[in-house]
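Just upload_37.txt here, compact mmCIF, C-alpha atoms:
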# COMPACT_ATOMS: atom_id res chain seq x y z
CA MET A 94 129.83 4.92 -4.38
CA LYS A 95 130.61 7.99 -2.26
CA GLN A 96 133.88 8.39 -4.15
CA PHE A 97 132.01 8.29 -7.45
CA PHE A 98 129.57 11.02 -6.40
CA LYS A 99 132.46 13.08 -5.03
CA LYS A 100 134.17 12.98 -8.44
CA PHE A 101 130.87 13.72 -10.18
CA LYS A 102 130.28 16.70 -7.89
CA SER A 103 133.71 18.12 -8.72
CA LEU A 104 133.09 17.65 -12.43
CA ALA A 105 129.67 19.31 -12.20
CA LEU A 106 131.17 22.25 -10.36
CA ALA A 107 133.91 22.63 -12.95
CA LEU A 108 131.35 22.50 -15.79
CA ALA A 109 129.19 25.08 -14.04
CA VAL A 110 132.14 27.46 -13.70
CA LEU A 111 133.09 26.87 -17.33
CA SER A 112 129.52 27.58 -18.43
CA VAL A 113 129.51 30.90 -16.57
CA VAL A 114 132.80 31.88 -18.22
CA ILE A 115 131.52 30.94 -21.69
CA VAL A 116 128.19 32.76 -21.25
CA SER A 117 130.02 35.83 -19.95
CA ALA A 118 132.40 35.80 -22.92
CA ILE A 119 129.52 35.49 -25.38
CA TYR A 120 127.68 38.35 -23.68
CA GLN A 121 130.76 40.56 -23.84
CA ALA A 122 131.24 39.73 -27.51
CA LEU A 123 127.61 40.43 -28.44
CA ALA A 124 126.94 43.39 -26.14
CA PRO A 125 126.87 46.72 -28.02
CA LYS A 126 130.02 48.76 -27.49
CA PRO A 127 129.45 52.14 -25.84
CA LYS A 128 129.56 55.01 -28.33
CA LEU A 129 129.58 58.73 -27.68
CA LYS A 130 126.97 61.08 -29.07
CA ILE A 131 127.92 63.40 -31.92
CA TYR A 132 126.71 66.84 -30.86
CA GLN A 133 125.13 69.32 -33.26
CA PRO A 134 124.26 72.99 -32.66
CA ASN A 135 120.60 72.00 -32.41
CA ASP A 136 121.46 69.84 -29.36
CA VAL A 137 122.93 72.75 -27.39
CA HIS A 138 121.17 75.49 -25.43
CA PRO A 139 120.45 78.39 -27.83
CA ASP A 140 122.23 80.86 -25.53
CA LEU A 141 125.51 79.13 -26.40
CA VAL A 142 125.00 78.92 -30.15
CA ASP A 143 125.22 81.66 -32.76
CA THR A 144 121.80 82.40 -34.23
CA THR A 145 123.00 81.39 -37.69
CA LEU A 146 123.59 77.82 -36.48
CA GLN A 147 120.81 77.10 -34.00
CA HIS A 148 118.85 75.13 -36.61
CA VAL A 149 121.78 72.88 -37.65
CA LYS A 150 121.11 69.21 -36.89
CA LYS A 151 123.98 67.44 -38.67
CA TYR A 152 127.46 67.72 -40.17
CA HIS A 153 128.75 70.25 -37.63
CA GLN A 154 132.56 70.41 -37.37
CA ILE A 155 135.11 72.67 -35.73
CA ALA A 156 136.06 75.34 -38.27
CA ASP A 157 139.56 75.91 -39.65
CA PHE A 158 141.65 78.17 -37.43
CA ALA A 159 145.11 79.65 -37.00
CA LEU A 160 146.21 80.92 -33.58
CA ILE A 161 149.49 81.44 -31.71
CA ASN A 162 150.50 79.33 -28.74
CA GLN A 163 152.57 80.08 -25.63
CA LEU A 164 155.79 79.35 -27.52
CA GLY A 165 154.96 81.76 -30.35
CA ASP A 166 154.21 78.88 -32.74
CA THR A 167 151.28 78.99 -35.14
CA ILE A 168 148.71 76.38 -34.15
CA THR A 169 146.04 75.38 -36.68
CA HIS A 170 143.38 72.73 -37.10
CA GLU A 171 146.10 70.69 -38.84
CA THR A 172 147.98 70.49 -35.51
CA PHE A 173 145.13 68.27 -34.30
CA LYS A 174 144.75 66.21 -37.46
CA ASP A 175 143.90 62.57 -36.64
CA ARG A 176 143.94 63.44 -32.91
CA ILE A 177 141.42 63.57 -30.11
CA TYR A 178 141.58 66.80 -28.15
CA VAL A 179 139.97 68.64 -25.24
CA ALA A 180 139.28 72.36 -25.70
CA ASP A 181 138.24 75.15 -23.37
CA PHE A 182 138.15 78.95 -23.09
CA PHE A 183 139.77 80.92 -20.27
CA PHE A 184 141.90 83.97 -19.48
CA THR A 185 145.01 84.18 -17.34
CA THR A 186 143.77 86.99 -15.07
CA CYS A 187 140.49 85.24 -14.25
CA ALA A 188 140.11 84.75 -10.50
CA THR A 189 136.85 82.77 -10.45
CA ILE A 190 136.36 79.54 -12.41
CA CYS A 191 139.52 79.64 -14.58
CA PRO A 192 142.02 78.54 -11.89
CA ILE A 193 139.87 75.48 -11.16
CA MET A 194 139.50 74.72 -14.86
CA THR A 195 143.24 75.03 -15.39
CA GLU A 196 143.94 72.74 -12.45
CA HIS A 197 141.58 70.13 -13.86
CA MET A 198 143.06 70.46 -17.33
CA GLY A 199 146.41 69.84 -15.67
CA GLN A 200 145.03 66.64 -14.16
CA ILE A 201 143.92 65.51 -17.60
CA GLN A 202 147.39 66.34 -18.92
CA LYS A 203 148.91 63.99 -16.33
CA LYS A 204 146.69 61.15 -17.49
CA ILE A 205 147.35 61.60 -21.21
CA LYS A 206 150.90 62.95 -21.24
CA ASP A 207 152.31 59.74 -22.74
CA ASP A 208 149.47 59.31 -25.23
CA PRO A 209 150.32 61.02 -28.53
CA SER A 210 146.76 60.58 -29.80
CA VAL A 211 145.28 63.08 -27.31
CA LEU A 212 146.04 66.82 -27.01
CA LEU A 213 144.72 69.81 -25.04
CA LEU A 214 143.79 73.28 -26.33
CA SER A 215 142.95 76.35 -24.21
CA HIS A 216 141.87 79.59 -25.90
CA THR A 217 142.20 82.93 -24.14
CA VAL A 218 139.15 85.19 -24.41
CA THR A 219 141.24 88.28 -23.63
CA PRO A 220 143.92 88.19 -26.35
CA GLU A 221 144.61 91.88 -25.83
CA ILE A 222 145.95 90.96 -22.36
CA ASP A 223 147.10 87.39 -22.91
CA THR A 224 150.06 87.94 -25.18
CA VAL A 225 152.44 85.12 -26.07
CA ALA A 226 154.73 86.23 -23.24
CA GLN A 227 151.84 86.26 -20.74
CA LEU A 228 150.69 82.81 -21.86
CA LYS A 229 154.25 81.50 -21.53
CA ARG A 230 154.52 82.76 -17.95
CA TYR A 231 151.15 81.24 -17.14
CA ALA A 232 152.06 77.94 -18.82
CA ASP A 233 155.33 77.68 -16.92
CA LYS A 234 153.56 78.40 -13.63
CA LYS A 235 150.88 75.77 -14.30
CA GLY A 236 153.19 73.03 -15.53
CA VAL A 237 151.94 73.03 -19.10
CA ILE A 238 153.80 70.52 -21.27
CA PRO A 239 154.78 72.10 -24.63
CA GLY A 240 153.36 70.16 -27.55
CA LYS A 241 150.80 68.42 -25.36
CA TRP A 242 148.79 71.40 -24.13
CA HIS A 243 148.53 74.53 -26.28
CA LEU A 244 147.46 77.85 -24.74
CA VAL A 245 146.51 80.07 -27.66
CA THR A 246 145.91 83.73 -28.41
CA GLY A 247 145.18 85.56 -31.63
CA ASP A 248 142.53 87.58 -33.40
CA LYS A 249 139.67 88.30 -31.01
CA LYS A 250 136.96 87.88 -33.64
CA GLU A 251 138.36 84.50 -34.65
CA ILE A 252 138.41 83.32 -31.03
CA TYR A 253 134.89 84.68 -30.53
CA ASP A 254 133.63 82.86 -33.63
CA LEU A 255 135.28 79.61 -32.55
CA ALA A 256 133.63 79.80 -29.14
CA ARG A 257 130.16 80.62 -30.49
CA LYS A 258 130.11 78.91 -33.89
CA SER A 259 132.41 75.92 -33.47
CA TYR A 260 132.73 74.81 -29.84
CA LEU A 261 129.31 76.16 -28.75
CA VAL A 262 130.45 77.16 -25.26
CA ALA A 263 130.04 80.93 -24.89
CA LYS A 264 127.24 83.39 -24.31
CA ASP A 265 126.95 86.42 -26.54
CA GLN A 266 127.40 90.01 -25.38
CA PRO A 267 125.09 91.74 -27.87
CA TYR A 268 126.04 95.27 -26.81
CA SER A 269 129.81 94.69 -26.89
CA PRO A 270 131.14 93.68 -30.32
CA TYR A 271 133.37 90.60 -30.14
CA ASP A 272 132.99 90.14 -26.41
CA LEU A 273 131.59 87.02 -24.82
CA VAL A 274 131.02 85.24 -21.54
CA HIS A 275 132.91 81.97 -21.65
CA THR A 276 131.51 78.97 -19.80
CA GLU A 277 133.19 76.34 -17.65
CA ASN A 278 132.69 73.73 -20.36
CA PHE A 279 135.41 71.43 -21.60
CA VAL A 280 134.73 70.11 -25.11
CA LEU A 281 135.80 66.68 -26.34
CA VAL A 282 136.59 66.73 -30.07
CA ASP A 283 137.20 63.65 -32.20
CA PRO A 284 139.70 63.22 -35.07
CA GLN A 285 136.98 64.23 -37.52
CA ARG A 286 136.61 67.59 -35.72
CA ARG A 287 133.19 66.68 -34.33
CA ILE A 288 132.03 67.48 -30.79
CA ARG A 289 131.59 64.29 -28.76
CA GLY A 290 130.98 65.69 -25.28
CA PHE A 291 130.62 68.69 -22.97
CA TYR A 292 131.91 68.59 -19.37
CA ASP A 293 131.86 70.96 -16.43
CA GLY A 294 135.52 71.90 -16.09
CA THR A 295 135.02 72.83 -12.42
CA ASP A 296 133.53 69.45 -11.43
CA PRO A 297 135.98 66.63 -10.48
CA GLU A 298 133.39 63.96 -11.31
CA ALA A 299 132.89 65.45 -14.77
CA ILE A 300 136.64 65.24 -15.34
CA GLU A 301 136.57 61.53 -14.51
CA THR A 302 133.72 61.09 -16.98
CA LEU A 303 135.72 62.98 -19.59
CA LEU A 304 138.69 60.66 -19.14
CA GLU A 305 136.40 57.63 -19.46
CA ASP A 306 134.90 59.10 -22.63
CA ILE A 307 138.35 59.64 -24.12
CA ALA A 308 138.96 55.92 -23.64
CA ILE A 309 135.63 55.11 -25.30
CA LEU A 310 136.40 57.43 -28.20
CA LYS A 311 139.78 55.79 -28.75
CA LYS A 312 138.06 52.41 -29.01
CA GLU A 313 135.81 53.69 -31.77
CA GLY A 314 138.87 53.57 -33.98
CA LEU A 315 138.28 56.91 -35.63

As structure tokens, what does this structure read like?
Amino acid sequence: MKQFFKKFKSLALALAVLSVVIVSAIYQALAPKPKLKIYQPNDVHPDLVDTTLQHVKKYHQIADFALINQLGDTITHETFKDRIYVADFFFTTCATICPIMTEHMGQIQKKIKDDPSVLLLSHTVTPEIDTVAQLKRYADKKGVIPGKWHLVTGDKKEIYDLARKSYLVAKDQPYSPYDLVHTENFVLVDPQRRIRGFYDGTDPEAIETLLEDIAILKKEGL
């Protein structure tokens, strides 16, 4: 009799474990998959959005652009076609937040260097100083991988408009035409050129969140 109950106990335990596994599998299958928000100008603080766009609540995309990277190559929106990318704004002579942002972008580069579906894009806000040669020196010093991380310069008005009207990450300087105060924000952009997240480029925890969100975005199958 004891032997019978011993066998029954083992069977009951096995069934209980199997039930937990099945219930867990069903829950995982039915649970909604995490999905990132699609940001519109209306979602962002007005200080960071051009007045012509502050009312926009849908269909916002990064505008077409053509800039020059640290190798002297023309980089356009087509360079990022069907790719996820992280964008920011900086300048090579910045001694405050830019070095931290660049270091953190470098950490992201390490994580995604073997992933062809993810790229990095850093725009200088002082193109009159950050020539191709200056960007190349800076890129070499910071370990920038050509083709993976583009540091770009170009027309100041175009860069200004991208910051204010596309990426929504810069404050206006109303008394200085085509000048701006760039923020520490990193911007996550999906393959459809939509903004999917803003992250403090000086905060290590925000960088971890950014990397997690890249993984989520990849699973969306865009």

Query raised in the report: Can you tell me how far CA of Thr186 (chain A) sits from CA of Val137 (chain A), in Å to one decimal?
Result: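 Between these atoms lies a distance of 28.1 Å.
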
Query raised in the report: Counting all atoms listed in the file, which residues come within 7 Å of (145.5, 71.3, -21.0), with the point read in the file's coordinates, and could you list them as an MDAnalysis selection string?
Result: chainID A and resid 198:199 201:202 213:215 237 242:243

Query raised in the report: What lies within 12 Å of Ile205 (chain A) using only C-alpha atoms, ignoring chain neighbours under 2 positions off, as number ranges by chain?
Result: A: 177-179, 198-203, 207-213, 238, 241-242, 303-305, 307-308

Query raised in the report: Counting all atoms listed in the file, which of A:Ala256, A:Leu310, A:Ala263, A:Val149 gets nearest to Leu281 (chain A)?
Result: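 Between A:Ala256, A:Leu310, A:Ala263, A:Val149, the residue approaching Leu281 (chain A) most closely is A:Leu310.
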
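The space between CA of Pro284 (chain A) and CA of Leu261 (chain A) spans 17.8 Å.
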
Query - Which residue of A:Val225, A:Leu273, A:Ile288, A:Ile193 approaches Ile300 (chain A) most closely, using only C-alpha atoms - result: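 For Ile300 (chain A), the nearest of the given residues is A:Ile193.
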
**Report entry** Pairwise distance for CA of Lys235 (chain A) and CA of Leu141 (chain A), rounded to one decimal in Å
**Finding:**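 Taking CA of Lys235 (chain A) as the start and CA of Leu141 (chain A) as the end point, the length is 28.3 Å.
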
Query - Shortest interatomic distance to Glu298 (chain A) - which of A:Lys204, A:Ile252, A:Ala188, A:His197, counting all atoms listed in the file - result: A:His197

Report task. Excluding Phe279 (chain A) and residues on its chain fewer than 4 positions from it, collect all residues at most 7 Å away from it, counting all atoms listed in the file, and give them as a PyMOL selection string. Result -> chain A and resi 179-181+291-294

**Report entry** Residue among A:Lys234, A:Tyr260, A:Phe182, A:Thr189 lying closest to Thr276 (chain A), counting only C-alpha atoms
**Finding:**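 Checking each candidate against Thr276 (chain A), we get A:Phe182 as the closest.
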